[in-house]
file target10.cif (mmCIF, C-alpha atoms and all ligand atoms)
data_target
loop_
_atom_site.label_atom_id
_atom_site.label_comp_id
_atom_site.auth_asym_id
_atom_site.auth_seq_id
_atom_site.Cartn_x
_atom_site.Cartn_y
_atom_site.Cartn_z
CA MET A 1 210.88 -16.94 -125.56
CA ALA A 2 214.15 -17.42 -123.69
CA LYS A 3 212.51 -18.36 -120.42
CA GLN A 4 209.32 -17.79 -118.50
CA ILE A 5 209.76 -16.22 -115.09
CA ALA A 6 207.34 -17.41 -112.41
CA PHE A 7 206.32 -17.14 -108.77
CA TYR A 8 206.37 -19.99 -106.27
CA VAL A 9 204.05 -20.15 -103.26
CA GLU A 10 204.69 -22.58 -100.40
CA GLN A 11 201.23 -22.36 -98.89
CA LYS A 12 201.98 -24.13 -95.61
CA PHE A 13 204.59 -21.53 -94.68
CA CYS A 14 202.21 -18.59 -95.15
CA VAL A 15 200.77 -17.22 -91.90
CA GLY A 16 198.64 -14.52 -93.52
CA CYS A 17 200.70 -11.61 -92.18
CA LYS A 18 200.25 -9.71 -95.49
CA THR A 19 203.79 -8.32 -95.42
CA CYS A 20 204.07 -9.22 -99.14
CA GLN A 21 200.84 -7.35 -99.89
CA VAL A 22 201.98 -4.27 -97.97
CA ALA A 23 205.47 -4.29 -99.53
CA CYS A 24 203.91 -4.39 -103.00
CA LYS A 25 201.39 -1.67 -102.16
CA ASP A 26 204.15 0.53 -100.80
CA LYS A 27 206.44 0.02 -103.78
CA HIS A 28 203.74 0.83 -106.31
CA ASP A 29 202.19 3.58 -104.17
CA LEU A 30 198.75 2.04 -104.55
CA LYS A 31 195.61 3.78 -103.41
CA VAL A 32 193.04 2.43 -100.94
CA GLY A 33 191.32 -0.62 -102.41
CA GLN A 34 194.06 -1.39 -104.93
CA LEU A 35 196.22 -4.50 -104.55
CA TYR A 36 198.70 -5.91 -107.04
CA ARG A 37 199.36 -8.79 -104.60
CA ARG A 38 196.60 -9.99 -102.34
CA VAL A 39 196.49 -12.40 -99.44
CA SER A 40 193.16 -14.10 -98.76
CA GLU A 41 192.04 -16.44 -96.03
CA THR A 42 190.17 -19.71 -96.53
CA ALA A 43 188.66 -21.20 -93.39
CA GLY A 44 186.17 -23.92 -92.61
CA GLY A 45 185.46 -27.08 -90.68
CA GLY A 46 183.23 -27.79 -87.73
CA PHE A 47 183.21 -29.86 -84.57
CA GLU A 48 182.38 -33.33 -83.36
CA ILE A 49 180.58 -34.14 -80.14
CA LYS A 50 181.71 -37.28 -78.39
CA GLY A 51 179.79 -37.74 -75.17
CA ALA A 52 180.43 -34.64 -73.10
CA THR A 53 183.41 -33.61 -75.24
CA VAL A 54 183.37 -31.12 -78.10
CA ILE A 55 186.22 -31.80 -80.52
CA PRO A 56 187.00 -28.97 -82.94
CA ALA A 57 188.01 -29.91 -86.49
CA VAL A 58 188.68 -26.55 -88.12
CA TYR A 59 191.20 -25.34 -90.66
CA ALA A 60 192.48 -22.08 -92.07
CA PHE A 61 195.07 -21.25 -94.67
CA TRP A 62 196.10 -18.25 -96.71
CA THR A 63 196.71 -17.71 -100.40
CA SER A 64 199.09 -15.00 -101.59
CA ILE A 65 198.55 -14.26 -105.27
CA SER A 66 199.41 -11.61 -107.84
CA CYS A 67 199.35 -11.55 -111.63
CA ASN A 68 200.68 -14.90 -112.83
CA HIS A 69 202.24 -13.65 -116.09
CA CYS A 70 200.26 -16.38 -117.84
CA GLY A 71 201.31 -18.47 -120.82
CA GLN A 72 197.90 -17.75 -122.36
CA PRO A 73 197.21 -14.25 -121.05
CA VAL A 74 193.59 -13.38 -121.80
CA CYS A 75 194.35 -9.82 -120.69
CA VAL A 76 196.74 -9.43 -123.63
CA GLU A 77 194.24 -10.97 -126.04
CA ASN A 78 191.40 -8.72 -124.87
CA CYS A 79 193.16 -5.35 -124.73
CA PRO A 80 191.86 -3.42 -127.75
CA VAL A 81 194.84 -1.04 -127.95
CA GLY A 82 197.76 -3.40 -127.34
CA ALA A 83 198.59 -1.84 -123.98
CA VAL A 84 198.93 -5.20 -122.22
CA GLN A 85 202.05 -6.89 -123.48
CA LYS A 86 204.03 -10.04 -122.78
CA GLN A 87 207.79 -9.53 -122.83
CA ALA A 88 209.52 -11.95 -125.17
CA ALA A 89 212.66 -12.23 -123.03
CA ASP A 90 211.07 -13.49 -119.82
CA GLY A 91 207.29 -13.74 -120.28
CA ILE A 92 206.51 -10.87 -117.91
CA VAL A 93 203.08 -9.39 -118.70
CA TYR A 94 202.90 -5.64 -118.12
CA ILE A 95 200.60 -2.75 -118.95
CA ASP A 96 202.03 0.16 -120.95
CA GLN A 97 200.57 3.15 -119.10
CA GLU A 98 201.03 5.40 -122.13
CA LYS A 99 198.81 3.17 -124.24
CA CYS A 100 196.17 2.15 -121.65
CA VAL A 101 192.79 3.85 -122.26
CA GLY A 102 191.18 2.50 -119.07
CA CYS A 103 188.49 0.44 -120.82
CA ARG A 104 188.89 -2.33 -118.18
CA LYS A 105 188.61 -5.20 -120.66
CA CYS A 106 191.69 -6.78 -119.00
CA VAL A 107 190.06 -6.35 -115.58
CA LYS A 108 186.95 -8.19 -116.75
CA SER A 109 188.81 -10.96 -118.52
CA CYS A 110 191.44 -11.93 -115.93
CA PRO A 111 190.21 -14.90 -113.84
CA TYR A 112 192.65 -13.95 -111.03
CA GLY A 113 191.42 -10.37 -110.55
CA ALA A 114 194.96 -9.15 -111.14
CA PRO A 115 194.53 -5.89 -113.14
CA GLN A 116 193.48 -2.96 -110.94
CA TYR A 117 191.70 0.08 -112.33
CA ASN A 118 192.77 3.44 -110.92
CA ARG A 119 189.89 5.93 -110.87
CA GLU A 120 192.24 8.88 -110.48
CA THR A 121 194.51 8.14 -113.44
CA ARG A 122 191.73 6.33 -115.38
CA LYS A 123 194.21 3.66 -116.27
CA THR A 124 194.75 0.07 -115.20
CA GLY A 125 197.89 -1.27 -113.54
CA LYS A 126 199.07 -4.59 -112.20
CA CYS A 127 202.09 -6.57 -111.02
CA ASP A 128 205.00 -6.19 -113.45
CA PHE A 129 207.16 -8.67 -111.49
CA CYS A 130 209.13 -5.66 -110.16
CA ARG A 131 210.98 -5.39 -113.48
CA ASP A 132 213.14 -2.57 -112.11
CA GLU A 133 214.20 -4.66 -109.11
CA LEU A 134 215.04 -7.64 -111.34
CA ALA A 135 217.09 -5.39 -113.62
CA ALA A 136 219.05 -4.29 -110.55
CA GLY A 137 219.70 -7.95 -109.66
CA LYS A 138 217.19 -7.93 -106.77
CA PRO A 139 214.12 -10.10 -106.12
CA PRO A 140 210.54 -8.77 -106.42
CA VAL A 141 209.66 -6.87 -103.23
CA CYS A 142 206.96 -9.37 -102.20
CA VAL A 143 209.46 -12.24 -102.27
CA ALA A 144 212.09 -10.20 -100.45
CA ALA A 145 209.62 -9.08 -97.77
CA CYS A 146 208.07 -12.40 -96.79
CA PRO A 147 209.39 -13.20 -93.29
CA LEU A 148 208.36 -16.85 -93.61
CA ARG A 149 210.05 -17.38 -97.02
CA ALA A 150 206.70 -18.60 -98.36
CA LEU A 151 207.36 -16.94 -101.72
CA ASP A 152 210.06 -17.56 -104.28
CA TYR A 153 210.60 -16.78 -107.94
CA GLY A 154 212.68 -17.98 -110.85
CA PRO A 155 212.44 -19.60 -114.27
CA LEU A 156 209.24 -21.66 -114.46
CA ASN A 157 211.03 -24.84 -115.57
CA VAL A 158 213.50 -24.57 -112.68
CA LEU A 159 210.69 -24.04 -110.13
CA GLN A 160 208.77 -26.97 -111.61
CA ARG A 161 211.80 -29.24 -111.34
CA LYS A 162 212.28 -28.20 -107.73
CA TYR A 163 208.69 -28.07 -106.50
CA GLY A 164 206.45 -29.88 -109.01
CA LYS A 165 203.92 -28.66 -111.53
CA ALA A 166 200.86 -27.73 -109.43
CA ASN A 167 199.55 -24.31 -110.47
CA GLU A 168 196.25 -24.15 -108.61
CA THR A 169 194.89 -24.53 -105.09
CA LYS A 170 191.49 -24.35 -103.40
CA GLY A 171 189.97 -20.94 -104.12
CA LEU A 172 191.98 -20.24 -107.29
CA PRO A 173 190.76 -20.73 -110.87
CA ALA A 174 191.75 -23.92 -112.71
CA GLY A 175 195.27 -23.54 -114.07
CA GLY A 176 194.27 -24.78 -117.52
CA GLN A 177 192.38 -21.56 -118.26
CA THR A 178 195.35 -19.24 -118.76
CA GLN A 179 198.42 -21.40 -118.07
CA PRO A 180 199.62 -19.28 -115.11
CA ALA A 181 203.38 -19.01 -114.59
CA LEU A 182 202.86 -20.15 -111.03
CA VAL A 183 204.06 -23.10 -109.01
CA ILE A 184 202.23 -23.70 -105.78
CA ALA A 185 202.57 -26.26 -103.04
CA PRO A 186 198.98 -26.41 -101.77
CA HIS A 187 198.24 -26.41 -98.05
CA ARG A 188 197.19 -29.88 -96.80
CA ASP A 189 193.64 -28.58 -96.24
CA ALA A 190 193.49 -27.20 -99.79
CA LEU A 191 193.87 -30.64 -101.39
S1 LIG A 201 196.92 -13.36 -114.16
FE1 LIG A 201 195.39 -12.16 -115.32
S2 LIG A 201 196.41 -10.20 -115.72
FE2 LIG A 201 198.03 -11.67 -115.17
S3 LIG A 201 198.73 -12.49 -117.17
FE3 LIG A 201 197.17 -13.90 -116.35
S4 LIG A 201 195.26 -13.19 -117.33
FE4 LIG A 201 196.74 -11.50 -117.53
S1 LIG A 202 204.56 -12.21 -96.29
FE1 LIG A 202 204.77 -14.43 -96.52
S2 LIG A 202 203.79 -15.27 -94.67
FE2 LIG A 202 203.14 -13.13 -94.85
S3 LIG A 202 201.21 -13.22 -96.02
FE3 LIG A 202 202.82 -12.91 -97.52
S4 LIG A 202 203.38 -14.98 -98.20
FE4 LIG A 202 202.21 -15.21 -96.30
#

call {"tool": "encode", "arguments": {"input": "target10.cif", "output": "structure tokens"}}
result
Amino acid sequence: MAKQIAFYVEQKFCVGCKTCQVACKDKHDLKVGQLYRRVSETAGGGFEIKGATVIPAVYAFWTSISCNHCGQPVCVENCPVGAVQKQAADGIVYIDQEKCVGCRKCVKSCPYGAPQYNRETRKTGKCDFCRDELAAGKPPVCVAACPLRALDYGPLNVLQRKYGKANETKGLPAGGQTQPALVIAPHRDAL
């Protein structure tokens, strides 16, 4: 493989506006309930009482995640008809809509909940890293849309050199399961 393309998430910059999620949904014309990129909130904490004073100690952060175009993609392994494929040139994992029979084995096997079954077409789709945008020399629409520049993309080894090798954060599966092509700078409250 020439290189593995990957996403980067700078969690502390994300304000949960979901612009990335909406941009992706718009580009792929996704139906209600379908998300190829999803932004979820994690919140917690409590309060301390000191005398007559109530001191809040709460936290909240957001996680923006799509398919991670994994190094060990269980979706590819589990598809019985070879519809889920990993591109040799850049490691992008995509679903060939002509071949997909809608059995949902990829949906059940992906620990990130990335593949989305479409009841109308009876096929499954997911993030393809905006292959058409990349071919036109443009970034994926989620990266381009983020007003806080919380998302980035590039070759995995370049992102790792720049940002480190973390590929998991609170609320996400352990990175060792599928070797996600993801670099993430966890929020301070996710450590
Ligand atoms: S995140 Fe899920 S769908 Fe995407 S490559 Fe990994 S296992 Fe497959
Ligand atoms: S657009 Fe950027 S700031 Fe908004 S939810 Fe997505 S990653 Fe977070």

call {"tool": "residues_around", "arguments": {"input": "target10.cif", "residues": "A:Pro155", "least_positions_apart": "4", "cutoff": "12 Å", "atoms": "only C-alpha atoms", "output": "PyMOL selection string"}}
result
chain A and resi 1-8+69+89-92+159-162+181-183

call {"tool": "residues_near_ligand", "arguments": {"input": "target10.cif", "ligand": "ligand LIG 202 (chain A)", "cutoff": "9 Å", "atoms": "only C-alpha atoms and all ligand atoms", "output": "count of residues only"}}
result
33

call {"tool": "atom_distance", "arguments": {"input": "target10.cif", "atom1": "atom CA of A:Asp189", "atom2": "atom CA of A:Pro140"}}
result
28.0 Å

call {"tool": "residues_near_ligand", "arguments": {"input": "target10.cif", "ligand": "ligand LIG 201 (chain A)", "cutoff": "9 Å", "atoms": "only C-alpha atoms and all ligand atoms", "output": "mmCIF file with C-alpha atoms, keeping the file's coordinate frame"}}
result
data_model
loop_
_atom_site.group_PDB
_atom_site.id
_atom_site.type_symbol
_atom_site.label_atom_id
_atom_site.label_comp_id
_atom_site.auth_asym_id
_atom_site.auth_seq_id
_atom_site.Cartn_x
_atom_site.Cartn_y
_atom_site.Cartn_z
ATOM 1 C CA SER A 66 199.410 -11.610 -107.840
ATOM 2 C CA CYS A 67 199.350 -11.550 -111.630
ATOM 3 C CA ASN A 68 200.680 -14.900 -112.830
ATOM 4 C CA HIS A 69 202.240 -13.650 -116.090
ATOM 5 C CA CYS A 70 200.260 -16.380 -117.840
ATOM 6 C CA GLY A 71 201.310 -18.470 -120.820
ATOM 7 C CA GLN A 72 197.900 -17.750 -122.360
ATOM 8 C CA PRO A 73 197.210 -14.250 -121.050
ATOM 9 C CA VAL A 74 193.590 -13.380 -121.800
ATOM 10 C CA CYS A 75 194.350 -9.820 -120.690
ATOM 11 C CA VAL A 76 196.740 -9.430 -123.630
ATOM 12 C CA GLU A 77 194.240 -10.970 -126.040
ATOM 13 C CA VAL A 84 198.930 -5.200 -122.220
ATOM 14 C CA LYS A 86 204.030 -10.040 -122.780
ATOM 15 C CA ILE A 92 206.510 -10.870 -117.910
ATOM 16 C CA VAL A 93 203.080 -9.390 -118.700
ATOM 17 C CA TYR A 94 202.900 -5.640 -118.120
ATOM 18 C CA CYS A 106 191.690 -6.780 -119.000
ATOM 19 C CA VAL A 107 190.060 -6.350 -115.580
ATOM 20 C CA SER A 109 188.810 -10.960 -118.520
ATOM 21 C CA CYS A 110 191.440 -11.930 -115.930
ATOM 22 C CA PRO A 111 190.210 -14.900 -113.840
ATOM 23 C CA TYR A 112 192.650 -13.950 -111.030
ATOM 24 C CA GLY A 113 191.420 -10.370 -110.550
ATOM 25 C CA ALA A 114 194.960 -9.150 -111.140
ATOM 26 C CA PRO A 115 194.530 -5.890 -113.140
ATOM 27 C CA LYS A 126 199.070 -4.590 -112.200
ATOM 28 C CA CYS A 127 202.090 -6.570 -111.020
ATOM 29 C CA GLN A 177 192.380 -21.560 -118.260
ATOM 30 C CA THR A 178 195.350 -19.240 -118.760
ATOM 31 C CA GLN A 179 198.420 -21.400 -118.070
ATOM 32 C CA PRO A 180 199.620 -19.280 -115.110
ATOM 33 C CA ALA A 181 203.380 -19.010 -114.590
#

call {"tool": "residues_around", "arguments": {"input": "target10.cif", "residues": "stretch 58-61 of chain A", "least_positions_apart": "6", "cutoff": "6 Å", "atoms": "only C-alpha atoms", "output": "list in words"}}
result
Glu41, Thr42, Ala43, Gly44, Gly45 and Gly46 of chain A

call {"tool": "closest_residue", "arguments": {"input": "target10.cif", "among": "A:Leu156, A:Val101, A:Val32, A:Ala190", "to": "A:Leu172", "atoms": "only C-alpha atoms"}}
result
A:Ala190

call {"tool": "closest_residue", "arguments": {"input": "target10.cif", "among": "A:Ala88, A:Glu120, A:Gln97, A:Cys130", "to": "A:Lys31", "atoms": "only C-alpha atoms"}}
result
A:Glu120

call {"tool": "atom_distance", "arguments": {"input": "target10.cif", "atom1": "atom CA of A:Lys105", "atom2": "atom CA of A:Lys165"}}
result
29.5 Å

call {"tool": "atom_distance", "arguments": {"input": "target10.cif", "atom1": "atom CA of A:Gln34", "atom2": "atom CA of A:Ile184"}}
result
23.8 Å

call {"tool": "residues_around", "arguments": {"input": "target10.cif", "residues": "A:Tyr117", "least_positions_apart": "3", "cutoff": "8 Å", "atoms": "only C-alpha atoms", "output": "list in words"}}
result
Gln34, Gly102, Arg104, Val107, Arg122, Lys123, Thr124 and Gly125 of chain A

call {"tool": "closest_residue", "arguments": {"input": "target10.cif", "among": "A:Cys79, A:Cys100, A:Lys50, A:Gln116", "to": "A:Leu30", "atoms": "all atoms listed in the file"}}
result
A:Gln116

call {"tool": "closest_residue", "arguments": {"input": "target10.cif", "among": "A:Lys138, A:Cys24, A:Pro173, A:Asp128", "to": "A:Gln87", "atoms": "only C-alpha atoms"}}
result
A:Asp128

call {"tool": "closest_residue", "arguments": {"input": "target10.cif", "among": "A:Ala136, A:Pro56, A:Glu98, A:Gly51", "to": "A:Thr121", "atoms": "all atoms listed in the file"}}
result
A:Glu98

call {"tool": "decode", "arguments": {"input": "target10.cif", "residues": "stretch 147-175 of chain A", "atoms": "C-alpha atoms", "output": "short mmCIF file (atom, residue, chain, number, x, y, z; two decimals), in the first residue's frame"}}
result
data_model
loop_
_atom_site.label_atom_id
_atom_site.label_comp_id
_atom_site.auth_asym_id
_atom_site.auth_seq_id
_atom_site.Cartn_x
_atom_site.Cartn_y
_atom_site.Cartn_z
CA PRO A 147 -15.61 26.13 11.43
CA LEU A 148 -13.32 25.35 14.37
CA ARG A 149 -10.73 23.43 12.29
CA ALA A 150 -11.16 20.50 14.67
CA LEU A 151 -10.79 18.02 11.81
CA ASP A 152 -7.89 17.36 9.48
CA TYR A 153 -6.82 14.59 7.16
CA GLY A 154 -3.70 13.31 5.46
CA PRO A 155 -1.35 10.33 5.32
CA LEU A 156 -1.49 8.45 8.63
CA ASN A 157 2.28 8.55 9.16
CA VAL A 158 2.36 12.32 8.58
CA LEU A 159 -0.52 12.90 11.03
CA GLN A 160 1.16 10.66 13.59
CA ARG A 161 4.43 12.58 13.30
CA LYS A 162 2.57 15.84 13.75
CA TYR A 163 0.05 14.91 16.43
CA GLY A 164 1.10 11.61 18.03
CA LYS A 165 -0.26 8.09 17.81
CA ALA A 166 -3.42 8.16 19.97
CA ASN A 167 -6.31 6.52 18.11
CA GLU A 168 -8.94 6.28 20.84
CA THR A 169 -10.71 8.49 23.36
CA LYS A 170 -13.34 8.04 26.07
CA GLY A 171 -16.46 6.55 24.48
CA LEU A 172 -14.70 4.99 21.47
CA PRO A 173 -13.67 1.34 21.13
CA ALA A 174 -10.05 0.38 21.88
CA GLY A 175 -7.91 1.17 18.85
#
